[in-house]
Amino acid sequence: MTEPSKSWKTILQDVMPPDWAKELDDFEAQIQLNKQGKIEPRIFAETRLRRGAYGQRYDNGHRNDGKQIRKLPFPTQGVWKGPDTYWDAPGMLRIKFPWGGINADQMETLADLSEEYSDAISHITTRQAIQLHFIHIEDAPDIMRRLAAVGITTREACGNSVRNITACPIAGVCRTEAFDVTPYARAFFKFMLGHPDAQDFGRKFKPAFSGCQGEACGVVNMHDMGFIAKKITVNGKEAHAFDIYVGGGLGPVPYNAKLLYADRPVEDMLPIGQAVARVYGRLGEKKIRGMARIKFLVAKLGIDEFRRLIDEELKVLTPDPRWTGLIQQSVKEVEKPAQPAASLKAASYPKGFLEWRKTNVYQQPQYGYVVVYVKAPLGDLTAPQMRALAAILREHTKETARTTVDQNLVIRWIPEAALPSVYEALTAVGLGQAGANTITDIASCPGTDTCKLGISASRGLARELIVQYEAKAATLPEEIKKLNIKVSGCPNSCSQHHVSDIGLYGVSRKSGSYAVPHFQMVLGGQRKNNGEAYGLAVAAVPSKRIPEAIERLTQKYSKERQKDENFQSFVQRLGKVEIKNLLQDLTVIPAHDFEPDLYTDWADVREYTIGDIGKGECAGEVVSPYEFSLTAAESKGFEAQVQLEKKNLPAATDMAYQSMIHSAEAVLRTRDREYTGGADQTVADFKKYFFDTGEFVKHVNNTQFAAFLFKAHDNRLASPNEDEAHHRVEEAQLFLEAAHSYVANMAPAPAPMPAK
Amino acid sequence: MDLRKIGVKFYVEKDNHVPLSVFIPIFHRFIQEDNLEGLLIDVAQYTHVHQGPGVLLIAHEANYSFDETHGHRGLLYTQKRPAEKGGLDHLKTAFRRALLATELLEKQPELSGKMTFATNHFQVFVNDRLAAPHNSESQEDLENALKTLFDGLYEGASTVLMPDMNRQNRTGFEVHVDKAISRGELLKRLASN
């Protein structure tokens with residue numbers, strides 16, 4: 001066996017790109033310095049995040065085991081890899097795959113790494129990256145070296161940086177695209193990686209590329225910066241151009257991206273990207289993390305002023321030869337097939353082949369070639385599956401595969417005649433399931449499984465829904481089959497629940513002295529047209545009753561839809577009042593002893609808690625005054641949504657504001673049961689006793705939600721536009737969720753407020 | 001030789017089609033009761049993937065899992081953190097922990113009478129492609145180490161070591177022992193050797 005003195009560093013030294021090798025040596029040195037206490041954990045946390053090394057649930061050393069909060073006695077005591085983050089705590093490594101591109105060597109490397117350092121699973125994310133979980137920080141440099149040796153960097157996969165560049169997974173082989181955006185995504189990645197102008201952001205920055213306006217693949221509308229391909233005519237000749245968007249984003253409150261420039265020649269892409277980075281770095285919020293995404297800056301300035309600033313910036317930028325050089329170099333890298341085109345021959349096919357072909361195969365515009373969609377359940381692929389995929393890539397293609405934002409994988413340039421053989425190879429490792437991009441193909445973020453912010457078990461719910469819908473897939477009406485479901489564990493939208501037919505995000509509710517896992521249902525999102533419209537929250541339903549809620553909705557849709565009416569139109573026609581009535585009985589929580597199952601989450605036998613704070617000790621089932629305030633806030637929030645639906649925008653924002661005041665009042669009543677005050681007094685007291693003291697933030701783990709209240713109070717929006725009203729209503733819902741979180745997490749006997 | 005990250009998988013002998021989900025509450029209970037060696041952290045479950053790692057009990061030093069890789073069910077103990085002491089002692093630790101885990105599993109009410117683990121059919125591998133690259137030299141080193149261990153552990157029985165052919169690019173063996181020796185006896189021998 002290898003001598004102990006051998007290391008991956010020495011073995012791979014000449015295989016890694018030299019600059020990447022040097023960066024990884026530096027990172028390893030920083031790890032050691034941090035371990036020796038020579039780097040502040042706060043600084044080291046951002047350093048490792050920019051290398052893709054993320055925290056994971058329980059890394060603060062505490063975990064509720066179902067009976068008690070258990071301290072995890074990690075062996076290395078007194079050393080932290082971030083504020084309140086134990087050195088030995090398992091973490092997650094996010095690995096960037098720009099535009100989702102992945103080859104056979106990379107798949108095999110991931111398989112090896114997942115076995116040696118993780119849990120033998122490679123997890124595809126909703127931004128085309130791949131994550132490994134349960135990683136020890138001291139293993140990170142070697143993992144990164146082995147990735148670098150096959151052309152992968154994790155640099156800037158997390159942290160306040162330019163994140164993975166996403167793009168349509170079928171770019172270049174798509175029937176509706178204007179042109180292949182891959183070379184431009186590649187150039188953008190190379191240009192922005194480590195760019196000095198992109199190192200001082202207040203938050204992350206997510207770019208996306210789309211080959212056309214009409215489809216959903218690129219979902220440009222929900223990105224910080226997005227490029228949609230167009231063909232234009234210049235001096236009588238056809239040329240490639242982009243419509244360039246900024247300021248979109250999901251997160252708790254989704255914002256539609258605004259058109260920054262239309263019809264800009266592709267050569268302008270990099271200088272404009274650089275100018276946007278500089279303006280965002282200079283003017284973006286830095287102190288309040290929850291308000292620091294570029295969407296807030298664009299909304300605050302307005303797109304016209306933002307555009308003026310970019311125009312000004314472009315005038316003073318020092319010309320960079322890479323602006324055109326990288327593009328010229330990149331467009332030469334053309335993807336080609338490995339085998340000659342061949343049509344599918346009439347024959348007897350393997351069992352299940354035709355059904356699979358119907359949903360999982362996309363005809364390329366290049367005659368005789370197809371794209372195969374591989375369904376990775378919940379984005380998870382095992383090590384043997386990765387190796388089998390690598391073998392398929394090598395046998396049939398020039399290793400042209402990509403991950404997708406729906407947590408799947410596509411294999412491109414398969415000769416159609418090879419489909420039965422590919423299907424059999426996939427089936428041999430359990431990857432031959434039909435139903436790609438249907439209701440059985442559910443995306444989910446990690447949720448409470450591994451994420452520090454998870455409130456409910458998104459993967460547990462998604463898994464249950466997959467089981468239920470796969471069991472009846474053969475008999476489902478087509479209109480239900482076509483629906484898509486996305487599940488997030490918290491309001492942060494990692495599954496992209498805002499742009500799906502049925503979106504779900506984790507929230508909690510209190511029932512007596514117990515917490516109950518719930519999911520907020522978000523309906524009416526539009527995935528077409530690059531994620532054109534966001535859905536709105538309609539009702540919070542206990543987690544275990546979500547399958548029943550979805551069943552009722554989809555059955556009603558199937559029975560009552562008008563000719564060719566899609567789900568979004570149906571939801572709009574039905575209206576929130578009727579939807580709420582349809583689900584009303586499901587939202588009522590019986591006492592713990594009557595239905596204890598409701599007080600646990602999917603695939604988790606532990607009694608449910610938030611933030612690992614156990615069952616409170618408040619006596620009995622007496623309704624506390626704060627619960628009345630929360631109910632009032634719910635009611636006003638719902639009225640706000642109804643008014644928004646009716647396009648009565650001033651009323652919607654006013655109701656949203658009132659909902660926020662009731663939510664703040666609920667929080668105040670946790671410490672003063674008889675608290676009453678007008679709006680001004682309520683906001684002032686909330687700020688004084690709960691925000692300035694850090695009390696509220698400590699329990700909801702986010703500064704953004706309280707900022708929504710202050711913003712709404714300072715700016716009542718007498719004549720809101722539709723965007724502003726939509727945001728205000730969403731913000732009211734989130735502030736209400738935060739109030740629920742506060743109540744669920746607060747100390748059993750909160751200290752009373754000082755007498756006024 | 002650097003045997004620092006060992007994997008041992010004892011295959012199931014009797015299995016009444018126990019669903020994977022049964023292991024979720026069991027592993028949570030193991031954490032509550034702290035009744036396996038090592039710092040037990042969390043449960044991860046992959047019941048939705050085909051022939052995958054199944055349900056895992058994530059620990060600091062190693063993962064315990066009810067594993068279905070390549071369609072062979074068994075209790076897999078996989079070391080992640082390199083132990084301070086390598087070599088034969090380390091190999092013994094891995095065997096002992098894996099055996100103790102199978103013993104504990106068989107005692108759980110959900111599995112009682114429905115599942116047993118073989119003690120004479122298992123897989124051993126080095127979960128470290130740096131320390132043990134997949135080549136004949138590593139295979140020979142591991143084979144020699146295992147034979148030394150088995151001389152005491154399976155005294156009186158003959159063992160057959162077959163190189164792992166599962167394309168995992170990892171040094172390892174499938175091991176068959178011609179005689180079943182009780183788990184208690186194996187644990188006793190591991191403690192005394």
# chains A, B, ... in the order shown; residues from 1 in each chain; ligands from 1
$ closest_atom_pairs --of "chain B" --to "chain A" --cutoff "7 Å" --atoms "only C-alpha atoms" --output "JSON lines"
{"residue": "B:Met1", "atom": "CA", "partner": "A:Met1", "partner_atom": "CA", "distance": 5.5}
{"residue": "B:Asp2", "atom": "CA", "partner": "A:Pro4", "partner_atom": "CA", "distance": 6.8}
{"residue": "B:Pro25", "atom": "CA", "partner": "A:Val605", "partner_atom": "CA", "distance": 5.9}
{"residue": "B:Ile31", "atom": "CA", "partner": "A:Asp65", "partner_atom": "CA", "distance": 7.0}
{"residue": "B:Gln32", "atom": "CA", "partner": "A:Asp65", "partner_atom": "CA", "distance": 5.8}
{"residue": "B:His48", "atom": "CA", "partner": "A:Pro377", "partner_atom": "CA", "distance": 6.5}
{"residue": "B:Val49", "atom": "CA", "partner": "A:Pro377", "partner_atom": "CA", "distance": 6.6}
{"residue": "B:His50", "atom": "CA", "partner": "A:Gly430", "partner_atom": "CA", "distance": 5.3}
{"residue": "B:Gly52", "atom": "CA", "partner": "A:Thr382", "partner_atom": "CA", "distance": 5.8}
{"residue": "B:Pro53", "atom": "CA", "partner": "A:Ala120", "partner_atom": "CA", "distance": 6.6}
{"residue": "B:Lys80", "atom": "CA", "partner": "A:Tyr117", "partner_atom": "CA", "distance": 5.9}
{"residue": "B:Asn127", "atom": "CA", "partner": "A:Glu116", "partner_atom": "CA", "distance": 5.5}
{"residue": "B:Asp128", "atom": "CA", "partner": "A:Glu116", "partner_atom": "CA", "distance": 6.2}
{"residue": "B:Leu130", "atom": "CA", "partner": "A:Thr2", "partner_atom": "CA", "distance": 6.7}
{"residue": "B:Ala131", "atom": "CA", "partner": "A:Thr2", "partner_atom": "CA", "distance": 5.1}
{"residue": "B:Ala132", "atom": "CA", "partner": "A:Met1", "partner_atom": "CA", "distance": 5.0}
{"residue": "B:Pro133", "atom": "CA", "partner": "A:Met1", "partner_atom": "CA", "distance": 6.7}
{"residue": "B:Glu137", "atom": "CA", "partner": "A:Met1", "partner_atom": "CA", "distance": 6.1}
{"residue": "B:Ser138", "atom": "CA", "partner": "A:Met1", "partner_atom": "CA", "distance": 4.5}
{"residue": "B:Asp141", "atom": "CA", "partner": "A:Met1", "partner_atom": "CA", "distance": 6.7}
$ select_by_dssp --residues "segment 614-718 of chain A" --states "helix (DSSP H, G or I)" --output "number ranges by chain"
A: 625-645, 649-669, 679-691, 695-700, 704-714
$ residues_around --residues "segment 7-24 of chain B" --least-positions-apart "6" --cutoff "8 Å" --atoms "only C-alpha atoms" --output "PyMOL selection string"
(chain A and resi 603-605) or (chain B and resi 43+45+47+54-55+66+72-79+94-95+98-99+102+110-111+114-119+121-127)
$ residues_around --residues "Ile58 of chain B" --least-positions-apart "2" --cutoff "8 Å" --atoms "only C-alpha atoms" --output "PyMOL selection string"
(chain A and resi 134) or (chain B and resi 40-44+56+60+62-64)
$ select_by_dssp --residues "segment 47-127 of chain A" --states "strand (DSSP E or B)" --output "list in words"
Ala53, Tyr54, His62, Arg63, Asn64, Ile69, Arg70, Lys71, Trp80, Lys81, Gly82, Thr85, Tyr86, Gly91, Met92, Leu93, Arg94, Ile95, Gly101, Ile102, Ile121, Ser122, His123 and Ile124 of chain A
$ write_last_selection --atoms "C-alpha atoms" --output "compact mmCIF listing (two decimals), in the first residue's frame"
# COMPACT_ATOMS: atom_id res chain seq x y z
CA ALA A 53 -17.48 24.28 2.80
CA TYR A 54 -20.83 24.93 4.45
CA HIS A 62 -26.79 20.34 20.19
CA ARG A 63 -29.38 17.93 18.88
CA ASN A 64 -32.81 16.98 20.07
CA ILE A 69 -31.54 18.16 23.92
CA ARG A 70 -28.34 16.19 23.70
CA LYS A 71 -24.94 17.81 23.71
CA TRP A 80 -14.42 26.54 16.16
CA LYS A 81 -14.75 26.69 12.41
CA GLY A 82 -17.22 29.56 12.62
CA THR A 85 -19.74 25.96 14.95
CA TYR A 86 -17.76 23.02 16.28
CA GLY A 91 -20.47 19.91 7.22
CA MET A 92 -21.59 20.05 3.63
CA LEU A 93 -19.39 20.60 0.60
CA ARG A 94 -21.05 22.30 -2.35
CA ILE A 95 -19.36 21.61 -5.66
CA GLY A 101 -21.74 20.27 -17.25
CA ILE A 102 -20.31 17.02 -15.90
CA ILE A 121 -24.52 9.88 -2.03
CA SER A 122 -23.96 12.74 -4.47
CA HIS A 123 -26.84 15.18 -4.19
CA ILE A 124 -27.81 17.35 -7.17
$ residues_around --residues "Ala664 of chain A" --least-positions-apart "4" --cutoff "12 Å" --atoms "only C-alpha atoms" --output "PyMOL selection string"
chain A and resi 626-627+629-630+632-633+657-660+668-671+675-691+696+705-710+713+732+735-740+742-743
$ write_last_selection --atoms "C-alpha atoms" --output "tab-separated table (two decimals), in the first residue's frame"
chain	number	residue	atom	x	y	z
A	626	TYR	CA	-50.69	36.08	21.96
A	627	GLU	CA	-52.52	33.29	20.14
A	629	SER	CA	-53.10	38.15	18.10
A	630	LEU	CA	-51.59	35.53	15.82
A	632	ALA	CA	-55.87	38.15	13.93
A	633	ALA	CA	-52.62	38.46	11.99
A	657	TYR	CA	-49.57	46.16	7.31
A	658	GLN	CA	-52.31	45.42	9.84
A	659	SER	CA	-51.30	41.78	9.80
A	660	MET	CA	-47.76	42.79	10.68
A	668	LEU	CA	-45.21	41.61	22.74
A	669	ARG	CA	-47.97	39.64	24.41
A	670	THR	CA	-45.64	36.77	25.11
A	671	ARG	CA	-44.15	38.98	27.78
A	675	TYR	CA	-50.35	44.36	25.96
A	676	THR	CA	-52.26	46.92	23.89
A	677	GLY	CA	-50.96	49.85	21.94
A	678	GLY	CA	-51.56	51.71	18.74
A	679	ALA	CA	-49.48	50.91	15.68
A	680	ASP	CA	-46.76	53.43	16.48
A	681	GLN	CA	-46.44	52.24	20.05
A	682	THR	CA	-46.50	48.56	19.05
A	683	VAL	CA	-43.72	49.02	16.53
A	684	ALA	CA	-41.68	51.14	18.97
A	685	ASP	CA	-42.06	48.60	21.77
A	686	PHE	CA	-41.32	45.69	19.48
A	687	LYS	CA	-38.15	47.44	18.35
A	688	LYS	CA	-37.10	48.41	21.87
A	689	TYR	CA	-37.77	45.13	23.67
A	690	PHE	CA	-37.41	42.50	21.00
A	691	PHE	CA	-35.32	43.79	18.10
A	696	PHE	CA	-36.42	38.30	18.33
A	705	PHE	CA	-38.29	39.64	9.02
A	706	ALA	CA	-38.23	42.42	11.61
A	707	ALA	CA	-36.92	44.78	8.93
A	708	PHE	CA	-40.10	44.08	6.94
A	709	LEU	CA	-42.18	45.47	9.81
A	710	PHE	CA	-40.07	48.60	10.16
A	713	HIS	CA	-44.38	51.13	9.21
A	732	ALA	CA	-46.50	40.25	6.02
A	735	PHE	CA	-43.27	38.31	9.46
A	736	LEU	CA	-46.22	36.28	10.67
A	737	GLU	CA	-44.21	33.07	10.18
A	738	ALA	CA	-41.38	34.66	12.14
A	739	ALA	CA	-43.80	35.51	14.96
A	740	HIS	CA	-44.92	31.87	14.98
A	742	TYR	CA	-40.60	33.19	17.95
A	743	VAL	CA	-43.52	31.84	19.93
$ residues_around --residues "segment 148-164 of chain B" --least-positions-apart "3" --cutoff "12 Å" --atoms "only C-alpha atoms" --output "short mmCIF file (atom, residue, chain, number, x, y, z; two decimals) with C-alpha atoms, in the first residue's frame"
data_model
loop_
_atom_site.label_atom_id
_atom_site.label_comp_id
_atom_site.auth_asym_id
_atom_site.auth_seq_id
_atom_site.Cartn_x
_atom_site.Cartn_y
_atom_site.Cartn_z
CA HIS B 70 -25.20 -3.83 -5.21
CA GLY B 87 -2.78 -1.76 11.56
CA LEU B 88 -4.22 -4.88 13.05
CA ASP B 89 -5.63 -3.23 16.17
CA HIS B 90 -7.63 -0.97 13.98
CA LEU B 91 -8.92 -3.85 11.90
CA LYS B 92 -10.03 -5.55 15.10
CA THR B 93 -11.84 -2.43 16.25
CA ALA B 94 -13.77 -2.26 12.99
CA PHE B 95 -14.75 -5.93 13.26
CA ARG B 96 -15.76 -5.60 16.89
CA THR B 119 -20.92 -14.06 10.85
CA ASN B 120 -19.23 -16.13 8.17
CA HIS B 121 -20.00 -14.05 5.10
CA PHE B 122 -18.85 -10.46 4.96
CA GLN B 123 -17.03 -7.81 3.02
CA VAL B 124 -13.87 -5.98 4.15
CA PHE B 125 -12.32 -3.03 2.37
CA VAL B 126 -10.00 -0.11 2.92
CA HIS B 134 -6.58 -0.52 -5.97
CA ASN B 135 -3.60 -2.58 -7.09
CA SER B 136 -2.13 -6.01 -6.49
CA SER B 138 -2.54 -3.30 -1.73
CA GLN B 139 -4.67 -6.39 -2.21
CA GLU B 140 -1.78 -8.55 -1.05
CA ASP B 141 -1.12 -6.36 1.98
CA LEU B 142 -4.77 -6.43 3.01
CA GLU B 143 -4.99 -10.16 2.39
CA ASN B 144 -1.98 -10.76 4.65
CA ALA B 145 -3.44 -8.54 7.37
CA ARG B 167 -15.70 -1.91 -9.94
CA GLN B 168 -15.40 0.36 -6.93
CA ASN B 169 -11.73 0.93 -7.51
CA ARG B 170 -11.21 0.07 -3.88
CA THR B 171 -9.03 -2.50 -2.18
CA GLY B 172 -11.22 -5.14 -0.58
CA PHE B 173 -12.39 -8.73 -0.29
CA GLU B 174 -15.53 -10.77 -0.03
CA VAL B 175 -14.91 -13.29 2.72
CA HIS B 176 -16.54 -16.69 3.16
CA VAL B 177 -15.82 -18.83 6.21
CA ASP B 178 -16.70 -22.48 5.98
CA LYS B 179 -17.88 -22.71 9.57
CA ALA B 180 -20.29 -20.52 11.48
CA ILE B 181 -18.80 -19.29 14.72
CA SER B 182 -21.08 -17.58 17.15
CA ARG B 183 -20.94 -13.83 17.47
CA GLY B 184 -20.26 -14.12 21.19
CA GLU B 185 -17.27 -16.33 20.54
CA LEU B 186 -15.94 -13.97 17.88
CA LEU B 187 -16.25 -11.00 20.23
CA LYS B 188 -14.50 -12.97 22.95
CA ARG B 189 -11.64 -13.85 20.62
CA LEU B 190 -11.35 -10.26 19.45
CA ALA B 191 -11.07 -9.13 23.05
CA SER B 192 -8.48 -11.70 24.00
CA ASN B 193 -6.21 -11.59 20.92
#
$ closest_residue --among "A:Gly202, A:Gly368, A:Pro420, A:Gly506" --to "Glu285 of chain A" --atoms "only C-alpha atoms"
A:Gly202
$ residues_around --residues "segment 577-587 of chain A" --least-positions-apart "2" --cutoff "9 Å" --atoms "only C-alpha atoms" --output "number ranges by chain"
A: 538-542, 545-546, 548-549, 552-553, 571, 574-575, 589, 638, 642
$ write_last_selection --atoms "N, CA and C atoms" --output "mmCIF file, in the first residue's frame"
data_model
loop_
_atom_site.group_PDB
_atom_site.id
_atom_site.type_symbol
_atom_site.label_atom_id
_atom_site.label_comp_id
_atom_site.auth_asym_id
_atom_site.auth_seq_id
_atom_site.Cartn_x
_atom_site.Cartn_y
_atom_site.Cartn_z
ATOM 1 N N VAL A 538 -51.366 30.237 0.286
ATOM 2 C CA VAL A 538 -52.820 30.181 0.488
ATOM 3 C C VAL A 538 -53.224 29.604 1.842
ATOM 4 N N ALA A 539 -52.436 28.669 2.381
ATOM 5 C CA ALA A 539 -52.810 28.100 3.678
ATOM 6 C C ALA A 539 -51.657 27.283 4.236
ATOM 7 N N ALA A 540 -51.512 27.328 5.555
ATOM 8 C CA ALA A 540 -50.529 26.473 6.220
ATOM 9 C C ALA A 540 -51.256 25.221 6.706
ATOM 10 N N VAL A 541 -50.781 24.069 6.263
ATOM 11 C CA VAL A 541 -51.458 22.798 6.560
ATOM 12 C C VAL A 541 -50.458 21.906 7.311
ATOM 13 N N PRO A 542 -50.912 21.177 8.331
ATOM 14 C CA PRO A 542 -49.982 20.271 9.020
ATOM 15 C C PRO A 542 -49.279 19.351 8.017
ATOM 16 N N ARG A 545 -50.718 16.203 6.683
ATOM 17 C CA ARG A 545 -51.966 16.286 5.906
ATOM 18 C C ARG A 545 -51.758 16.893 4.513
ATOM 19 N N ILE A 546 -50.518 17.197 4.187
ATOM 20 C CA ILE A 546 -50.261 17.798 2.872
ATOM 21 C C ILE A 546 -50.677 16.867 1.725
ATOM 22 N N GLU A 548 -53.109 14.841 1.528
ATOM 23 C CA GLU A 548 -54.558 14.956 1.398
ATOM 24 C C GLU A 548 -54.942 16.313 0.788
ATOM 25 N N ALA A 549 -54.242 17.364 1.220
ATOM 26 C CA ALA A 549 -54.539 18.702 0.680
ATOM 27 C C ALA A 549 -54.264 18.747 -0.824
ATOM 28 N N ARG A 552 -56.957 16.809 -2.750
ATOM 29 C CA ARG A 552 -58.214 17.559 -2.921
ATOM 30 C C ARG A 552 -58.086 18.609 -4.032
ATOM 31 N N LEU A 553 -56.971 19.313 -4.006
ATOM 32 C CA LEU A 553 -56.775 20.366 -5.006
ATOM 33 C C LEU A 553 -56.692 19.805 -6.419
ATOM 34 N N VAL A 571 -56.372 28.105 -10.474
ATOM 35 C CA VAL A 571 -56.191 28.648 -9.114
ATOM 36 C C VAL A 571 -56.683 30.086 -9.068
ATOM 37 N N LEU A 574 -60.467 30.073 -9.251
ATOM 38 C CA LEU A 574 -61.077 29.587 -8.013
ATOM 39 C C LEU A 574 -61.032 30.647 -6.924
ATOM 40 N N GLY A 575 -59.885 31.315 -6.816
ATOM 41 C CA GLY A 575 -59.729 32.357 -5.795
ATOM 42 C C GLY A 575 -59.317 31.773 -4.463
ATOM 43 N N ILE A 589 -55.945 21.678 14.148
ATOM 44 C CA ILE A 589 -55.027 20.727 14.786
ATOM 45 C C ILE A 589 -55.692 20.108 16.011
ATOM 46 N N PHE A 638 -54.653 36.986 5.283
ATOM 47 C CA PHE A 638 -55.482 36.334 4.269
ATOM 48 C C PHE A 638 -56.297 37.371 3.492
ATOM 49 N N VAL A 642 -56.488 38.222 -0.563
ATOM 50 C CA VAL A 642 -57.724 38.309 -1.348
ATOM 51 C C VAL A 642 -57.785 39.658 -2.072
#
